[in-house]
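Report on the structure given below.
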Amino acid sequence: KFQVMKPVKCVLIEGFYTSLNDVFYLQNVGADNSGNAIQERRNGSGAEVYGINIDGKIVHGRDASLQVGFTAQRSRYKELTYWSEDSSVEGTRNMPRTPDYYGYFTFTAAPSKNFDFSLSGVYTGRMHVPHFAPTDEIPSDSPYQYIVKDEMVHTPDFFDFNVKLNYTFVLNEHVKLQLNGGVQNIFNAFQEDLDRGAAVKVFTPAATLLPALQPLSRLWAQARRLPLSGSESSAVP
């Protein structure tokens with residue numbers, strides 16, 4: 001008999017709302033004797049976080065499955081919040097480092113008995129990130145360029161896309177060998193607006209850096225010896 005399996009579908013939609021009292025925020029208050037920026041954690045007036053989350057999954061037997069998720073949200077202070085010690089810098093109601101949109105997907109498939117692969121991706125939408133100016137005086141003849149005033153940057157969005165391939169060789173009745181390889185962050189998405197120069201560690205505070213994405217990298221020729229019994233696999237010496 002020839003039987004066609006119907007895919008199994010599942011969708012979850014949920015909304016959320018959170019009201020925060022005396023929410024924390026960071027304010028730049030100067031630097032120490034070594035030139036390291038000092039930030040003070042203070043209590044704000046409050047904040048609201050609300051939005052909608054959608055998750056979906058489609059499974060077609062053991063051959064293929066797709067899972068996706070997407071979130072649209074708003075994270076806002078209830079009152080204007082001043083995050084810089086520079087009084088000329090405008091306040092903000094946007095909570096820093098919180099994207100309004102983000103999502104993910106994972107697709108796995110096994111076209112044959114010995115071969116399977118997976119595709120995955122993470123989308124991070126635009127967000128507001130504070131960019132602090134150097135706390136030390138920059139020499140006028142410096143060959144490098146830095147911002148002269150604290151600013152709130154609206155970052156670009158990022159998409160981290162990965163692929164992984166697996167092939168299994170059956171060596172005998174008791175042992176099989178699995179080779180896997182792949183590419184991480186295929187589009188080489190990363191933050192490009194870093195301060196550059198000999199003093200980059202001083203003039204680029206950690207608060208300015210976006211969540212790290214692994215740079216474009218390739219993983220090949222990884223081998224594992226897998227017993228057919230289904231017990232834990234062990235690395236090939």
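Letters for chains follow the order of the structure tokens (A, B, ...), residue numbers begin at 1 for each chain, and ligand numbers begin at 1 in the order shown.
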Members of stretch 8-155 of chain A assigned strand (DSSP E or B) by DSSP, as a VMD selection string
chain A and resid 8 to 21 24 to 31 37 to 43 46 to 60 64 to 81 92 to 94 101 to 109 115 to 124 128 to 131 151 to 154
Any idea what's packed within 8 Å of stretch 145-154 of chain A, counting only C-alpha atoms, ignoring anything in its chain fewer than 5 positions away? Could you give it as a list of chain:residue names?
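Surrounding residues, per the criterion: A:Ser84, A:Asp86, A:Val89, A:Arg126, A:Met127, A:His128, A:Val129, A:Pro130, A:His131, A:Phe132, A:Ala133, A:Pro134, A:Asp195, A:Arg196, A:Phe203.
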Would you mind exporting all heavy atoms of the selected residues as a CSV table (one decimal), in the first residue's frame?
```csv
chain,number,residue,atom,x,y,z
A,84,SER,N,21.8,60.0,30.1
A,84,SER,CA,23.1,60.6,30.0
A,84,SER,C,23.3,61.7,31.0
A,84,SER,O,22.4,62.4,31.4
A,84,SER,CB,23.3,61.1,28.6
A,84,SER,OG,24.6,61.8,28.5
A,86,ASP,N,25.0,64.2,30.3
A,86,ASP,CA,25.0,65.4,29.5
A,86,ASP,C,23.6,66.0,29.5
A,86,ASP,O,22.7,65.4,28.9
A,86,ASP,CB,25.6,65.1,28.1
A,86,ASP,CG,25.8,66.4,27.3
A,86,ASP,OD1,25.2,67.4,27.6
A,86,ASP,OD2,26.4,66.3,26.2
A,89,VAL,N,21.6,66.2,26.2
A,89,VAL,CA,21.1,65.0,25.5
A,89,VAL,C,19.6,64.8,25.9
A,89,VAL,O,19.3,64.8,27.1
A,89,VAL,CB,21.9,63.8,25.9
A,89,VAL,CG1,21.4,62.5,25.3
A,89,VAL,CG2,23.4,64.0,25.5
A,126,ARG,N,15.2,46.2,14.8
A,126,ARG,CA,15.8,47.4,15.2
A,126,ARG,C,15.6,47.7,16.7
A,126,ARG,O,14.5,47.4,17.2
A,126,ARG,CB,15.4,48.6,14.3
A,126,ARG,CG,15.6,48.3,12.8
A,126,ARG,CD,15.3,49.6,12.0
A,126,ARG,NE,16.2,50.7,12.3
A,126,ARG,CZ,16.1,51.9,11.7
A,126,ARG,NH1,15.0,52.1,11.0
A,126,ARG,NH2,16.9,52.8,12.0
A,127,MET,N,16.5,48.4,17.3
A,127,MET,CA,16.4,48.7,18.8
A,127,MET,C,17.1,50.0,19.0
A,127,MET,O,18.0,50.4,18.3
A,127,MET,CB,16.9,47.6,19.7
A,127,MET,CG,18.4,47.3,19.6
A,127,MET,SD,18.9,45.9,20.6
A,127,MET,CE,18.7,44.6,19.4
A,128,HIS,N,16.8,50.6,20.1
A,128,HIS,CA,17.5,51.8,20.6
A,128,HIS,C,18.6,51.4,21.6
A,128,HIS,O,18.4,50.7,22.5
A,128,HIS,CB,16.6,52.8,21.2
A,128,HIS,CG,15.6,53.4,20.3
A,128,HIS,ND1,14.4,52.8,20.0
A,128,HIS,CD2,15.6,54.5,19.6
A,128,HIS,CE1,13.7,53.5,19.1
A,128,HIS,NE2,14.4,54.6,18.8
A,129,VAL,N,19.9,51.8,21.2
A,129,VAL,CA,21.0,51.5,22.1
A,129,VAL,C,21.8,52.8,22.3
A,129,VAL,O,22.1,53.6,21.4
A,129,VAL,CB,22.0,50.5,21.3
A,129,VAL,CG1,23.2,50.2,22.2
A,129,VAL,CG2,21.2,49.2,21.1
A,130,PRO,N,22.1,53.1,23.6
A,130,PRO,CA,22.9,54.3,23.9
A,130,PRO,C,24.3,54.2,23.4
A,130,PRO,O,25.0,53.1,23.6
A,130,PRO,CB,22.8,54.4,25.5
A,130,PRO,CG,22.6,53.0,25.9
A,130,PRO,CD,21.7,52.3,24.8
A,131,HIS,N,24.8,55.2,22.8
A,131,HIS,CA,26.2,55.3,22.3
A,131,HIS,C,26.9,56.4,23.1
A,131,HIS,O,26.6,57.6,22.9
A,131,HIS,CB,26.3,55.5,20.8
A,131,HIS,CG,27.6,55.3,20.2
A,131,HIS,ND1,27.9,55.4,18.9
A,131,HIS,CD2,28.8,55.0,20.8
A,131,HIS,CE1,29.2,55.2,18.7
A,131,HIS,NE2,29.8,55.0,19.8
A,132,PHE,N,27.8,56.0,24.0
A,132,PHE,CA,28.4,57.0,24.8
A,132,PHE,C,29.7,57.6,24.2
A,132,PHE,O,30.5,56.8,23.6
A,132,PHE,CB,28.8,56.4,26.2
A,132,PHE,CG,27.6,56.0,27.0
A,132,PHE,CD1,27.1,54.7,27.0
A,132,PHE,CD2,26.9,57.0,27.7
A,132,PHE,CE1,26.0,54.3,27.7
A,132,PHE,CE2,25.7,56.6,28.4
A,132,PHE,CZ,25.3,55.3,28.5
A,133,ALA,N,29.9,58.9,24.3
A,133,ALA,CA,31.1,59.5,23.8
A,133,ALA,C,32.3,59.2,24.7
A,133,ALA,O,32.1,58.8,25.9
A,133,ALA,CB,30.8,61.0,23.7
A,134,PRO,N,33.5,59.3,24.2
A,134,PRO,CA,34.7,59.1,25.1
A,134,PRO,C,34.7,60.0,26.3
A,134,PRO,O,34.3,61.1,26.3
A,134,PRO,CB,35.8,59.4,24.1
A,134,PRO,CG,35.3,59.3,22.8
A,134,PRO,CD,33.9,59.7,22.9
A,195,ASP,N,33.4,52.0,17.4
A,195,ASP,CA,34.5,53.0,17.4
A,195,ASP,C,35.8,52.3,17.1
A,195,ASP,O,36.0,51.2,17.6
A,195,ASP,CB,34.6,53.7,18.7
A,195,ASP,CG,33.3,54.5,19.0
A,195,ASP,OD1,32.7,55.0,18.1
A,195,ASP,OD2,33.0,54.7,20.2
A,196,ARG,N,36.6,52.8,16.3
A,196,ARG,CA,37.8,52.2,15.9
A,196,ARG,C,39.1,53.0,16.2
A,196,ARG,O,39.0,54.2,16.3
A,196,ARG,CB,37.8,51.9,14.3
A,196,ARG,CG,36.6,51.1,13.9
A,196,ARG,CD,36.7,50.8,12.4
A,196,ARG,NE,35.5,50.1,12.0
A,196,ARG,CZ,35.4,48.8,12.0
A,196,ARG,NH1,36.4,48.0,12.5
A,196,ARG,NH2,34.3,48.2,11.6
A,203,PHE,N,37.0,53.6,24.4
A,203,PHE,CA,36.0,54.5,23.8
A,203,PHE,C,34.7,53.7,23.3
A,203,PHE,O,33.9,54.3,22.8
A,203,PHE,CB,36.6,55.3,22.7
A,203,PHE,CG,37.7,56.2,23.2
A,203,PHE,CD1,38.8,56.4,22.4
A,203,PHE,CD2,37.6,56.8,24.4
A,203,PHE,CE1,39.8,57.3,22.8
A,203,PHE,CE2,38.6,57.6,24.8
A,203,PHE,CZ,39.7,57.9,24.0
```
Could you build a table of the residues in stretch 38-68 of chain A lying no more than 12 Å from stretch 93-99 of chain A, giving for each the nearest pair of atoms and their separation in Å rounded to one decimal place, using only C-alpha atoms, ordered by chain and ascending residue number, as a Markdown table?
```
| residue | atom | partner | partner_atom | distance |
| --- | --- | --- | --- | --- |
| A:Gly44 | CA | A:Arg93 | CA | 10.8 |
| A:Ser45 | CA | A:Arg93 | CA | 10.7 |
| A:Gly46 | CA | A:Arg93 | CA | 10.3 |
| A:Ala47 | CA | A:Met95 | CA | 8.3 |
| A:Glu48 | CA | A:Met95 | CA | 9.5 |
| A:Val49 | CA | A:Met95 | CA | 9.4 |
| A:Tyr50 | CA | A:Thr98 | CA | 12.0 |
| A:Gly51 | CA | A:Pro99 | CA | 11.6 |
```
Please extract the residues of stretch 6-215 of chain A with a backbone DSSP assignment of alpha helix (DSSP H) and present them as a list in words.
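Of stretch 6-215 of chain A, only Val200, Lys201, Val202 and Phe203 of chain A fall in alpha helix (DSSP H).
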Could you give me, as a Markdown table, every stretch 147-194 of chain A residue with an atom at most 12 Å from stretch 109-113 of chain A, plus its closest atom pair and distance in Å to one decimal, counting only C-alpha atoms, rows ordered by chain then number?
```
| residue | atom | partner | partner_atom | distance |
| --- | --- | --- | --- | --- |
| A:Val163 | CA | A:Ala109 | CA | 11.7 |
| A:Lys164 | CA | A:Ala109 | CA | 10.8 |
| A:Leu165 | CA | A:Ala109 | CA | 10.0 |
| A:Asn166 | CA | A:Ala110 | CA | 9.3 |
| A:Tyr167 | CA | A:Lys113 | CA | 9.2 |
| A:Thr168 | CA | A:Lys113 | CA | 8.5 |
| A:Phe169 | CA | A:Lys113 | CA | 10.3 |
| A:Val170 | CA | A:Lys113 | CA | 10.8 |
```
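Taking only C-alpha atoms, the non-local environment of A:Ile52 within 12 Å (same-chain residues fewer than 3 positions away omitted) comprises Leu12, Ile13, Glu14, Gly15, Phe16, Tyr17, Val49, Asp55, Gly69, Phe70, Thr71, Ala72, Gln73, Arg74, Asp100, Tyr101, Tyr102 and Gly103 of chain A.
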Restricted to N, CA, C and O atoms, what would the selected residues look like written as an mmCIF file, in the first residue's frame?
```cif
data_model
loop_
_atom_site.group_PDB
_atom_site.id
_atom_site.type_symbol
_atom_site.label_atom_id
_atom_site.label_comp_id
_atom_site.auth_asym_id
_atom_site.auth_seq_id
_atom_site.Cartn_x
_atom_site.Cartn_y
_atom_site.Cartn_z
ATOM 1 N N LEU A 12 0.035 28.715 17.872
ATOM 2 C CA LEU A 12 -0.240 29.302 19.184
ATOM 3 C C LEU A 12 -0.112 30.818 19.078
ATOM 4 O O LEU A 12 0.919 31.336 18.638
ATOM 5 N N ILE A 13 -1.163 31.520 19.458
ATOM 6 C CA ILE A 13 -1.164 32.987 19.463
ATOM 7 C C ILE A 13 -1.473 33.457 20.876
ATOM 8 O O ILE A 13 -2.475 33.038 21.469
ATOM 9 N N GLU A 14 -0.642 34.307 21.410
ATOM 10 C CA GLU A 14 -0.862 34.798 22.765
ATOM 11 C C GLU A 14 -0.437 36.255 22.877
ATOM 12 O O GLU A 14 0.512 36.695 22.218
ATOM 13 N N GLY A 15 -1.132 36.995 23.686
ATOM 14 C CA GLY A 15 -0.791 38.379 23.962
ATOM 15 C C GLY A 15 -0.278 38.522 25.378
ATOM 16 O O GLY A 15 -0.532 37.666 26.239
ATOM 17 N N PHE A 16 0.441 39.579 25.645
ATOM 18 C CA PHE A 16 0.994 39.777 26.978
ATOM 19 C C PHE A 16 1.061 41.268 27.303
ATOM 20 O O PHE A 16 1.159 42.119 26.415
ATOM 21 N N TYR A 17 0.983 41.547 28.580
ATOM 22 C CA TYR A 17 1.090 42.920 29.074
ATOM 23 C C TYR A 17 1.725 42.870 30.458
ATOM 24 O O TYR A 17 1.298 42.090 31.323
ATOM 25 N N VAL A 49 5.429 46.857 29.130
ATOM 26 C CA VAL A 49 5.858 45.945 28.069
ATOM 27 C C VAL A 49 4.622 45.169 27.614
ATOM 28 O O VAL A 49 3.982 44.490 28.425
ATOM 29 N N ASP A 55 3.524 31.478 17.508
ATOM 30 C CA ASP A 55 4.371 30.301 17.288
ATOM 31 C C ASP A 55 3.606 29.302 16.442
ATOM 32 O O ASP A 55 2.405 29.065 16.666
ATOM 33 N N GLY A 69 8.515 31.304 14.898
ATOM 34 C CA GLY A 69 7.986 32.135 15.963
ATOM 35 C C GLY A 69 8.287 33.599 15.681
ATOM 36 O O GLY A 69 9.342 33.928 15.119
ATOM 37 N N PHE A 70 7.362 34.461 16.053
ATOM 38 C CA PHE A 70 7.558 35.896 15.832
ATOM 39 C C PHE A 70 6.877 36.663 16.952
ATOM 40 O O PHE A 70 5.776 36.309 17.386
ATOM 41 N N THR A 71 7.552 37.710 17.416
ATOM 42 C CA THR A 71 7.026 38.535 18.497
ATOM 43 C C THR A 71 7.055 39.995 18.090
ATOM 44 O O THR A 71 8.069 40.486 17.571
ATOM 45 N N ALA A 72 5.947 40.685 18.291
ATOM 46 C CA ALA A 72 5.861 42.137 18.119
ATOM 47 C C ALA A 72 5.533 42.728 19.475
ATOM 48 O O ALA A 72 4.543 42.325 20.097
ATOM 49 N N GLN A 73 6.360 43.645 19.949
ATOM 50 C CA GLN A 73 6.161 44.159 21.288
ATOM 51 C C GLN A 73 6.535 45.645 21.354
ATOM 52 O O GLN A 73 7.180 46.187 20.455
ATOM 53 N N ARG A 74 6.156 46.266 22.443
ATOM 54 C CA ARG A 74 6.550 47.628 22.756
ATOM 55 C C ARG A 74 7.031 47.658 24.209
ATOM 56 O O ARG A 74 6.339 47.150 25.091
ATOM 57 N N ASP A 100 11.570 45.920 18.944
ATOM 58 C CA ASP A 100 10.112 45.844 18.824
ATOM 59 C C ASP A 100 9.676 44.569 18.107
ATOM 60 O O ASP A 100 8.541 44.126 18.290
ATOM 61 N N TYR A 101 10.555 44.011 17.284
ATOM 62 C CA TYR A 101 10.224 42.808 16.526
ATOM 63 C C TYR A 101 11.389 41.820 16.582
ATOM 64 O O TYR A 101 12.543 42.211 16.425
ATOM 65 N N TYR A 102 11.094 40.562 16.796
ATOM 66 C CA TYR A 102 12.121 39.522 16.725
ATOM 67 C C TYR A 102 11.439 38.174 16.485
ATOM 68 O O TYR A 102 10.244 37.997 16.769
ATOM 69 N N GLY A 103 12.204 37.244 15.933
ATOM 70 C CA GLY A 103 11.627 35.947 15.622
ATOM 71 C C GLY A 103 12.685 34.917 15.286
ATOM 72 O O GLY A 103 13.888 35.197 15.316
#
```
So that I can check the surroundings of A:Arg41, please list as a list of chain:residue names every protein, DNA and RNA residue that reaches within 7 Å of it, counting only C-alpha atoms and ignoring chain neighbours fewer than 3 positions away.
A:Phe24, A:Tyr25, A:Leu26, A:Gln27
Interatomic distance between atom CA of A:Thr92 and atom CA of A:Leu80?
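Calculated distance between atom CA of A:Thr92 and atom CA of A:Leu80 is 5.3 Å.
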Long-range neighbours of stretch 157-160 of chain A as a ChimeraX atom specification, 6 Å cut-off, only C-alpha atoms, 6 positions minimum in chain:
/A:121-126,185
With only C-alpha atoms as the counted atoms, please give the residues lying no more than 7 Å from A:Ile58, apart from itself and same-chain residues fewer than 6 positions off, as JSON, numbers by chain.
{"A": [7, 8, 9, 10, 65, 66, 67]}
Output all heavy atoms for every residue in that selection, as a short mmCIF file (atom, residue, chain, number, x, y, z; two decimals), in the first residue's frame.
```
data_model
loop_
_atom_site.label_atom_id
_atom_site.label_comp_id
_atom_site.auth_asym_id
_atom_site.auth_seq_id
_atom_site.Cartn_x
_atom_site.Cartn_y
_atom_site.Cartn_z
N PRO A 7 0.36 16.36 6.99
CA PRO A 7 1.19 17.08 7.96
C PRO A 7 0.37 17.50 9.18
O PRO A 7 -0.81 17.80 9.09
CB PRO A 7 1.68 18.30 7.17
CG PRO A 7 0.66 18.48 6.08
CD PRO A 7 0.19 17.11 5.74
N VAL A 8 1.03 17.52 10.33
CA VAL A 8 0.42 17.94 11.58
C VAL A 8 0.74 19.42 11.78
O VAL A 8 1.91 19.82 11.73
CB VAL A 8 0.93 17.11 12.77
CG1 VAL A 8 0.30 17.61 14.07
CG2 VAL A 8 0.62 15.64 12.55
N LYS A 9 -0.27 20.25 11.99
CA LYS A 9 -0.08 21.68 12.13
C LYS A 9 -0.50 22.14 13.52
O LYS A 9 -1.47 21.64 14.08
CB LYS A 9 -0.89 22.44 11.07
CG LYS A 9 -0.60 22.01 9.64
CD LYS A 9 -1.53 22.71 8.67
CE LYS A 9 -1.30 22.23 7.24
NZ LYS A 9 -2.22 22.89 6.28
N CYS A 10 0.23 23.11 14.04
CA CYS A 10 -0.08 23.64 15.36
C CYS A 10 0.28 25.12 15.38
O CYS A 10 1.39 25.50 14.98
CB CYS A 10 0.69 22.89 16.44
SG CYS A 10 0.41 23.53 18.12
N SER A 65 10.12 18.93 9.36
CA SER A 65 9.38 19.72 10.35
C SER A 65 9.83 21.17 10.24
O SER A 65 11.00 21.46 9.95
CB SER A 65 9.61 19.20 11.77
OG SER A 65 10.93 19.42 12.19
N LEU A 66 8.90 22.07 10.45
CA LEU A 66 9.17 23.50 10.40
C LEU A 66 8.55 24.15 11.63
O LEU A 66 7.37 23.96 11.91
CB LEU A 66 8.59 24.12 9.13
CG LEU A 66 8.65 25.65 9.04
CD1 LEU A 66 10.10 26.13 8.98
CD2 LEU A 66 7.85 26.16 7.84
N GLN A 67 9.36 24.91 12.34
CA GLN A 67 8.87 25.64 13.51
C GLN A 67 9.27 27.10 13.36
O GLN A 67 10.42 27.41 13.07
CB GLN A 67 9.43 25.06 14.81
CG GLN A 67 8.88 25.74 16.06
CD GLN A 67 9.24 24.99 17.33
OE1 GLN A 67 9.79 23.90 17.28
NE2 GLN A 67 8.91 25.58 18.47
#
```
